[in-house]
>>> print(open('coords_0.cif').read())   # mmCIF, C-alpha atoms
data_upload
loop_
_atom_site.label_atom_id
_atom_site.label_comp_id
_atom_site.auth_asym_id
_atom_site.auth_seq_id
_atom_site.Cartn_x
_atom_site.Cartn_y
_atom_site.Cartn_z
CA MET K 30 17.67 4.34 11.61
CA ALA K 31 16.95 2.82 8.20
CA PRO K 32 13.46 1.40 7.70
CA LEU K 33 13.03 -2.34 7.81
CA PRO K 34 12.35 -4.16 4.53
CA LEU K 35 8.71 -4.58 3.53
CA VAL K 36 7.53 -7.91 2.13
CA LEU K 37 4.25 -7.59 0.22
CA VAL K 38 1.94 -10.58 -0.35
CA HIS K 39 -0.93 -10.29 -2.82
CA GLY K 40 -4.45 -11.64 -2.50
CA GLY K 41 -6.59 -13.96 -4.59
CA ALA K 42 -6.50 -13.63 -8.39
CA HIS K 43 -3.77 -10.98 -8.05
CA GLY K 44 0.02 -11.04 -8.25
CA ALA K 45 3.03 -8.98 -7.27
CA TRP K 46 1.99 -6.56 -10.01
CA CYS K 47 -0.80 -5.16 -7.82
CA TRP K 48 1.76 -3.51 -5.53
CA ASP K 49 3.54 -1.67 -8.38
CA PRO K 50 1.68 1.65 -7.90
CA THR K 51 2.56 1.64 -4.18
CA VAL K 52 6.16 0.43 -4.40
CA SER K 53 7.39 3.65 -5.98
CA HIS K 54 6.24 5.55 -2.86
CA LEU K 55 7.98 3.28 -0.33
CA ASP K 56 11.12 4.49 1.42
CA GLY K 57 13.08 1.33 2.15
CA PRO K 58 13.86 -2.09 0.71
CA VAL K 59 10.80 -3.90 -0.62
CA LEU K 60 9.93 -7.31 -2.04
CA ALA K 61 6.57 -8.06 -3.66
CA VAL K 62 6.21 -11.82 -4.05
CA ASP K 63 4.24 -13.93 -6.51
CA LEU K 64 2.56 -16.90 -4.85
CA PRO K 65 2.53 -20.22 -6.69
CA PRO K 66 1.74 -21.06 -9.38
CA LYS K 67 3.72 -18.00 -10.42
CA SER K 68 2.75 -18.34 -14.09
CA VAL K 69 -0.85 -17.26 -13.37
CA ARG K 70 0.19 -14.03 -11.65
CA GLY K 71 -0.40 -11.73 -14.61
CA GLY K 72 0.72 -12.11 -18.20
CA ASP K 73 -0.41 -14.47 -20.90
CA GLY K 74 -0.83 -17.48 -18.58
CA ARG K 75 -2.96 -15.74 -16.00
CA ARG K 76 -6.14 -17.71 -16.80
CA GLU K 77 -4.52 -21.08 -17.50
CA GLN K 78 -6.22 -23.85 -15.50
CA LEU K 79 -3.13 -25.66 -14.21
CA PRO K 80 -3.46 -28.94 -12.27
CA GLU K 81 -1.68 -27.46 -9.25
CA LEU K 82 -4.51 -24.99 -8.79
CA LEU K 83 -6.36 -27.94 -7.25
CA THR K 84 -3.51 -29.16 -5.01
CA LEU K 85 -1.47 -26.23 -3.70
CA THR K 86 -1.96 -25.29 -0.04
CA ILE K 87 -1.32 -22.43 2.38
CA ASP K 88 1.83 -24.31 3.44
CA ASP K 89 3.04 -24.11 -0.15
CA PHE K 90 2.29 -20.37 -0.23
CA ALA K 91 4.25 -19.82 2.99
CA ALA K 92 7.22 -21.93 1.88
CA SER K 93 7.42 -20.06 -1.43
CA THR K 94 7.24 -16.69 0.34
CA ILE K 95 10.01 -17.59 2.79
CA ALA K 96 12.19 -18.87 -0.08
CA ASP K 97 11.72 -15.57 -1.93
CA ILE K 98 12.53 -13.58 1.23
CA ASP K 99 15.69 -15.61 1.77
CA ALA K 100 16.70 -15.08 -1.85
CA ALA K 101 16.27 -11.32 -1.36
CA GLY K 102 18.61 -11.46 1.63
CA PHE K 103 16.12 -10.06 4.16
CA ASP K 104 16.68 -11.19 7.74
CA ARG K 105 14.03 -9.24 9.67
CA PHE K 106 11.13 -7.54 7.91
CA VAL K 107 7.60 -6.15 8.06
CA LEU K 108 5.20 -8.61 6.44
CA VAL K 109 2.19 -7.16 4.62
CA GLY K 110 -0.73 -9.15 3.22
CA HIS K 111 -3.74 -8.11 1.18
CA SER K 112 -7.08 -9.93 1.22
CA MET K 113 -6.41 -13.68 0.87
CA GLY K 114 -2.73 -12.88 1.48
CA GLY K 115 -3.64 -12.77 5.17
CA LEU K 116 -3.62 -16.57 5.16
CA THR K 117 -0.03 -16.63 3.89
CA ILE K 118 1.43 -13.97 6.17
CA SER K 119 -0.04 -15.62 9.25
CA GLU K 120 1.56 -18.94 8.32
CA VAL K 121 4.91 -17.29 7.56
CA ALA K 122 4.81 -15.60 10.98
CA ALA K 123 4.02 -18.93 12.62
CA ARG K 124 7.08 -20.49 10.96
CA VAL K 125 9.63 -17.69 11.45
CA PRO K 126 8.23 -15.42 14.19
CA ASP K 127 11.62 -14.04 15.20
CA ARG K 128 12.14 -12.64 11.70
CA VAL K 129 8.78 -10.84 11.45
CA ALA K 130 8.89 -7.37 13.01
CA ARG K 131 5.21 -6.68 12.37
CA LEU K 132 2.24 -8.22 10.57
CA VAL K 133 0.13 -5.85 8.48
CA TYR K 134 -3.25 -7.10 7.28
CA VAL K 135 -4.71 -4.91 4.51
CA SER K 136 -8.41 -5.85 4.42
CA CYS K 137 -7.34 -9.44 4.96
CA ILE K 138 -9.23 -12.65 5.44
CA VAL K 139 -8.62 -13.82 9.03
CA PRO K 140 -10.60 -17.01 9.75
CA PRO K 141 -11.73 -17.89 13.25
CA GLU K 142 -9.13 -19.98 15.07
CA GLY K 143 -9.28 -23.54 13.76
CA GLY K 144 -11.70 -22.58 11.00
CA SER K 145 -11.37 -21.91 7.31
CA SER K 146 -11.78 -18.84 5.15
CA ILE K 147 -15.28 -20.08 4.33
CA ASP K 148 -16.08 -19.63 8.03
CA ALA K 149 -14.88 -16.03 7.77
CA LEU K 150 -17.39 -15.24 5.03
CA PRO K 151 -20.92 -14.00 5.73
CA ALA K 152 -23.06 -16.95 6.83
CA GLU K 153 -25.26 -16.82 3.73
CA LEU K 154 -22.20 -17.57 1.54
CA HIS K 155 -20.87 -20.59 3.46
CA GLU K 156 -22.81 -23.37 1.73
CA MET K 157 -22.56 -21.82 -1.73
CA THR K 158 -18.78 -21.40 -1.46
CA SER K 159 -18.23 -24.90 -0.06
CA ASN K 160 -20.29 -26.43 -2.87
CA ALA K 161 -18.44 -24.40 -5.51
CA ILE K 162 -15.04 -25.55 -4.22
CA GLU K 163 -16.12 -29.18 -4.22
CA GLU K 164 -17.43 -28.80 -7.77
CA ALA K 165 -14.07 -27.37 -8.87
CA ARG K 166 -12.22 -30.29 -7.28
CA ARG K 167 -14.41 -32.63 -9.34
CA GLY K 168 -13.36 -30.84 -12.51
CA GLY K 169 -15.96 -28.09 -12.65
CA THR K 170 -15.51 -24.33 -12.85
CA ASN K 171 -12.99 -22.73 -10.50
CA PRO K 172 -14.98 -20.32 -8.28
CA ILE K 173 -11.91 -18.24 -7.42
CA GLY K 174 -10.43 -16.08 -10.13
CA ASP K 175 -11.25 -15.80 -13.80
CA PHE K 176 -13.80 -13.15 -12.84
CA ASP K 177 -15.81 -11.41 -15.55
CA GLU K 178 -15.05 -7.71 -15.73
CA GLY K 179 -18.31 -6.65 -14.10
CA THR K 180 -17.69 -8.82 -11.04
CA ALA K 181 -14.04 -7.79 -10.79
CA THR K 182 -14.92 -4.12 -11.08
CA TYR K 183 -17.47 -4.43 -8.27
CA MET K 184 -15.12 -6.37 -6.02
CA PHE K 185 -11.86 -4.52 -6.59
CA CYS K 186 -12.27 -1.31 -8.57
CA ASN K 187 -15.26 0.66 -7.27
CA ASP K 188 -13.17 3.71 -6.36
CA MET K 189 -10.72 3.70 -9.28
CA THR K 190 -10.04 5.95 -12.23
CA ASP K 191 -10.52 4.37 -15.65
CA GLU K 192 -6.76 3.94 -15.94
CA GLN K 193 -6.45 2.22 -12.57
CA GLN K 194 -9.40 -0.02 -13.35
CA ARG K 195 -7.86 -1.09 -16.64
CA PHE K 196 -4.57 -1.82 -14.87
CA VAL K 197 -6.34 -4.33 -12.61
CA LEU K 198 -8.72 -5.87 -15.15
CA ASP K 199 -5.89 -6.54 -17.61
CA ARG K 200 -3.89 -8.49 -15.00
CA ILE K 201 -6.17 -10.45 -12.65
CA GLY K 202 -6.24 -14.17 -13.24
CA THR K 203 -7.21 -17.49 -11.73
CA GLU K 204 -6.43 -18.76 -8.24
CA VAL K 205 -5.73 -21.86 -6.15
CA VAL K 206 -9.11 -23.27 -5.24
CA GLY K 207 -8.63 -25.24 -2.02
CA VAL K 208 -7.06 -22.65 0.28
CA LEU K 209 -10.43 -21.17 1.22
CA ALA K 210 -11.49 -24.53 2.64
CA GLU K 211 -8.31 -25.14 4.67
CA ALA K 212 -8.55 -24.99 8.45
CA VAL K 213 -5.96 -22.62 9.88
CA SER K 214 -4.41 -21.91 13.25
CA ARG K 215 -2.53 -18.81 14.40
CA GLN K 216 -1.64 -20.21 17.84
CA ARG K 217 2.06 -20.54 16.94
CA ILE K 218 2.30 -16.77 16.41
CA PRO K 219 3.46 -15.04 19.61
CA PRO K 220 0.65 -12.80 20.92
CA SER K 221 3.26 -10.08 21.50
CA LEU K 222 4.17 -9.88 17.80
CA PRO K 223 2.98 -6.42 16.64
CA LYS K 224 -0.08 -6.52 14.38
CA THR K 225 -1.84 -3.83 12.36
CA TYR K 226 -5.08 -4.19 10.42
CA VAL K 227 -5.71 -1.64 7.66
CA LYS K 228 -9.49 -1.32 7.42
CA LEU K 229 -10.79 -0.12 4.05
CA LEU K 230 -13.97 1.88 4.36
CA GLN K 231 -15.22 1.58 0.75
CA ASP K 232 -14.45 -2.13 0.40
CA GLN K 233 -17.13 -4.13 -1.45
CA SER K 234 -15.25 -7.46 -1.24
CA LEU K 235 -14.93 -7.40 2.55
CA SER K 236 -17.32 -4.78 3.90
CA PRO K 237 -16.30 -2.71 6.94
CA PRO K 238 -18.56 -4.82 9.24
CA ASP K 239 -16.97 -7.97 7.77
CA GLN K 240 -13.53 -6.52 8.47
CA ASP K 241 -14.57 -5.80 12.06
CA ARG K 242 -15.36 -9.50 12.53
CA LEU K 243 -11.98 -10.45 11.06
CA ILE K 244 -10.18 -8.02 13.34
CA ALA K 245 -11.98 -9.66 16.28
CA ASN K 246 -10.73 -13.06 15.06
CA LEU K 247 -7.17 -11.71 15.05
CA ARG K 248 -7.54 -10.34 18.56
CA GLU K 249 -8.84 -13.74 19.68
CA SER K 250 -5.97 -15.65 18.06
CA PRO K 251 -3.08 -15.20 18.36
CA GLY K 252 -4.22 -12.54 20.78
CA GLY K 253 -2.40 -9.42 21.88
CA GLU K 254 -2.90 -5.90 20.59
CA VAL K 255 -4.15 -5.21 17.06
CA ASP K 256 -3.80 -1.63 15.88
CA VAL K 257 -6.45 -0.56 13.36
CA ILE K 258 -5.79 2.10 10.72
CA GLU K 259 -8.65 3.23 8.48
CA LEU K 260 -8.28 4.25 4.84
CA ASP K 261 -11.14 5.67 2.76
CA SER K 262 -10.52 3.16 -0.01
CA ALA K 263 -12.03 0.19 -1.78
CA HIS K 264 -10.49 -3.28 -1.77
CA ASP K 265 -7.41 -2.68 -3.95
CA ALA K 266 -6.03 0.25 -1.97
CA MET K 267 -2.52 -0.39 -3.31
CA VAL K 268 -3.82 0.61 -6.75
CA SER K 269 -6.47 3.23 -6.00
CA HIS K 270 -4.73 4.95 -3.05
CA PRO K 271 -1.04 4.08 -3.38
CA GLU K 272 0.37 7.19 -1.71
CA GLU K 273 -1.92 6.89 1.32
CA LEU K 274 -1.18 3.19 1.77
CA ALA K 275 2.55 3.77 1.26
CA ALA K 276 2.51 6.44 3.98
CA VAL K 277 1.03 3.89 6.40
CA LEU K 278 3.57 1.22 5.45
CA ASN K 279 6.52 3.63 5.60
CA ALA K 280 5.54 4.69 9.10
CA LEU K 281 5.22 1.08 10.27
CA ALA K 282 8.54 0.05 8.72
CA ALA K 283 10.26 3.01 10.37
CA GLN K 284 8.91 2.39 13.86
CA ASP K 285 9.75 -1.30 13.92
#
>>> encode(input="coords_0.cif", output="structure tokens")
Amino acid sequence: MAPLPLVLVHGGAHGAWCWDPTVSHLDGPVLAVDLPPKSVRGGDGRREQLPELLTLTIDDFAASTIADIDAAGFDRFVLVGHSMGGLTISEVAARVPDRVARLVYVSCIVPPEGGSSIDALPAELHEMTSNAIEEARRGGTNPIGDFDEGTATYMFCNDMTDEQQRFVLDRIGTEVVGVLAEAVSRQRIPPSLPKTYVKLLQDQSLSPPDQDRLIANLRESPGGEVDVIELDSAHDAMVSHPEELAAVLNALAAQD
């Protein structure tokens, strides 16, 4: 039986480009989406401070993703998110659960039910992050994206070759600011929908203990089984360990 299509959703400050090293190792149909605003997802406009960075929502991310999936002609698919992309794939699954064969969370943010991504962060970062988002909404500096190279290297690239590191640093950009403060619910996702969390053991953006808390949130809501697969990788596994991640995704697409 042919593998199901894979739909790949990037995380914060990234774009569809981040999946390029992995896509060449995938067996079946694949779509890597750019979330809105698409013009900041790599390229010359990646650091442009557009007004919609202050107004776009998770609903907008989900609607854009579904529109891109429809345009690709995929009916049923495996939906994969990375990091902040976990917010989008959960909302897509809530909207079209019958079309999602499996949810795959690659070191994803999974807030507690009814909470926001801020609530999923370590407690010592809650107030600082909330204040930074409010400052951005008042016209101050956007706290998400536009990272200096030292910060980006620490967060995303700590296990990369020089070439892989340059690939990421030359493409990361800014990000929508308000999504981290949005309250989310996964209660519309059927608990029986298959779910896999790919835990990254060298991750410095979401540490392994942080990921354990997020996995627990997923088991709490929507509930049901959550399979956990471990990779000895840092946060951007699709760049630093593309063959290993592709092997995981190929196996999941084949079994569903």
>>> resolve_selection(input="coords_0.cif", expression="the PyMOL selection byres ((chain K and resi 45-55) around 9)", output="number ranges by chain")
K: 35, 37-39, 43-44, 56-64, 70-71, 196-197, 200-201, 265-276, 278-279
>>> residues_around(input="coords_0.cif", residues="Asp104 in chain K", least_positions_apart="3", cutoff="12 Å", atoms="only C-alpha atoms", output="ChimeraX atom specification")
/K:33-36,58,95-101,107-108,125-130
>>> closest_residue(input="coords_0.cif", among="K:Glu120, K:Asp232, K:Glu259, K:Asp88", to="Asn187 in chain K", atoms="only C-alpha atoms")
K:Asp232
>>> atom_distance(input="coords_0.cif", atom1="CA of Asp199 in chain K", atom2="CA of Glu178 in chain K")
9.4 Å
>>> resolve_selection(input="coords_0.cif", expression="the PyMOL selection byres ((chain K and resi 145-155) around 7)", output="PyMOL selection string")
chain K and resi 138-141+143-144+156-159+209-213
>>> residues_around(input="coords_0.cif", residues="Gly253 in chain K", least_positions_apart="5", cutoff="10 Å", atoms="only C-alpha atoms", output="PyMOL selection string")
chain K and resi 219-224+247-248
>>> closest_residue(input="coords_0.cif", among="K:Cys186, K:Val206, K:Met113, K:Leu243", to="Arg167 in chain K", atoms="only C-alpha atoms")
K:Val206
>>> closest_residue(input="coords_0.cif", among="K:Ser214, K:Gln231, K:Thr225, K:Gln78", to="Leu116 in chain K", atoms="all atoms listed in the file")
K:Ser214
>>> closest_residue(input="coords_0.cif", among="K:Ser112, K:Thr203, K:Ser262, K:Thr117", to="Thr86 in chain K", atoms="all atoms listed in the file")
K:Thr117
>>> resolve_selection(input="coords_0.cif", expression="the PyMOL selection byres ((chain K and resi 234) around 10)", output="ChimeraX atom specification")
/K:112,136,181,183-185,231-233,235-237,239-240,263-265
>>> write_last_selection(input="coords_0.cif", atoms="C-alpha atoms", output="short mmCIF file (atom, residue, chain, number, x, y, z; two decimals), in the coordinates of the input")
data_model
loop_
_atom_site.label_atom_id
_atom_site.label_comp_id
_atom_site.auth_asym_id
_atom_site.auth_seq_id
_atom_site.Cartn_x
_atom_site.Cartn_y
_atom_site.Cartn_z
CA SER K 112 -7.08 -9.93 1.22
CA SER K 136 -8.41 -5.85 4.42
CA ALA K 181 -14.04 -7.79 -10.79
CA TYR K 183 -17.47 -4.43 -8.27
CA MET K 184 -15.12 -6.37 -6.02
CA PHE K 185 -11.86 -4.52 -6.59
CA GLN K 231 -15.22 1.58 0.75
CA ASP K 232 -14.45 -2.13 0.40
CA GLN K 233 -17.13 -4.13 -1.45
CA LEU K 235 -14.93 -7.40 2.55
CA SER K 236 -17.32 -4.78 3.90
CA PRO K 237 -16.30 -2.71 6.94
CA ASP K 239 -16.97 -7.97 7.77
CA GLN K 240 -13.53 -6.52 8.47
CA ALA K 263 -12.03 0.19 -1.78
CA HIS K 264 -10.49 -3.28 -1.77
CA ASP K 265 -7.41 -2.68 -3.95
#
>>> atom_distance(input="coords_0.cif", atom1="CA of Ala280 in chain K", atom2="CA of Val227 in chain K")
13.0 Å
>>> atom_distance(input="coords_0.cif", atom1="CA of Ala123 in chain K", atom2="CA of Gly102 in chain K")
19.7 Å
>>> closest_residue(input="coords_0.cif", among="K:Gly74, K:Gly207, K:Gly252, K:Gly202", to="Ile162 in chain K", atoms="all atoms listed in the file")
K:Gly207
>>> closest_residue(input="coords_0.cif", among="K:Glu204, K:Glu142, K:Glu192, K:Asp261", to="Leu79 in chain K", atoms="all atoms listed in the file")
K:Glu204
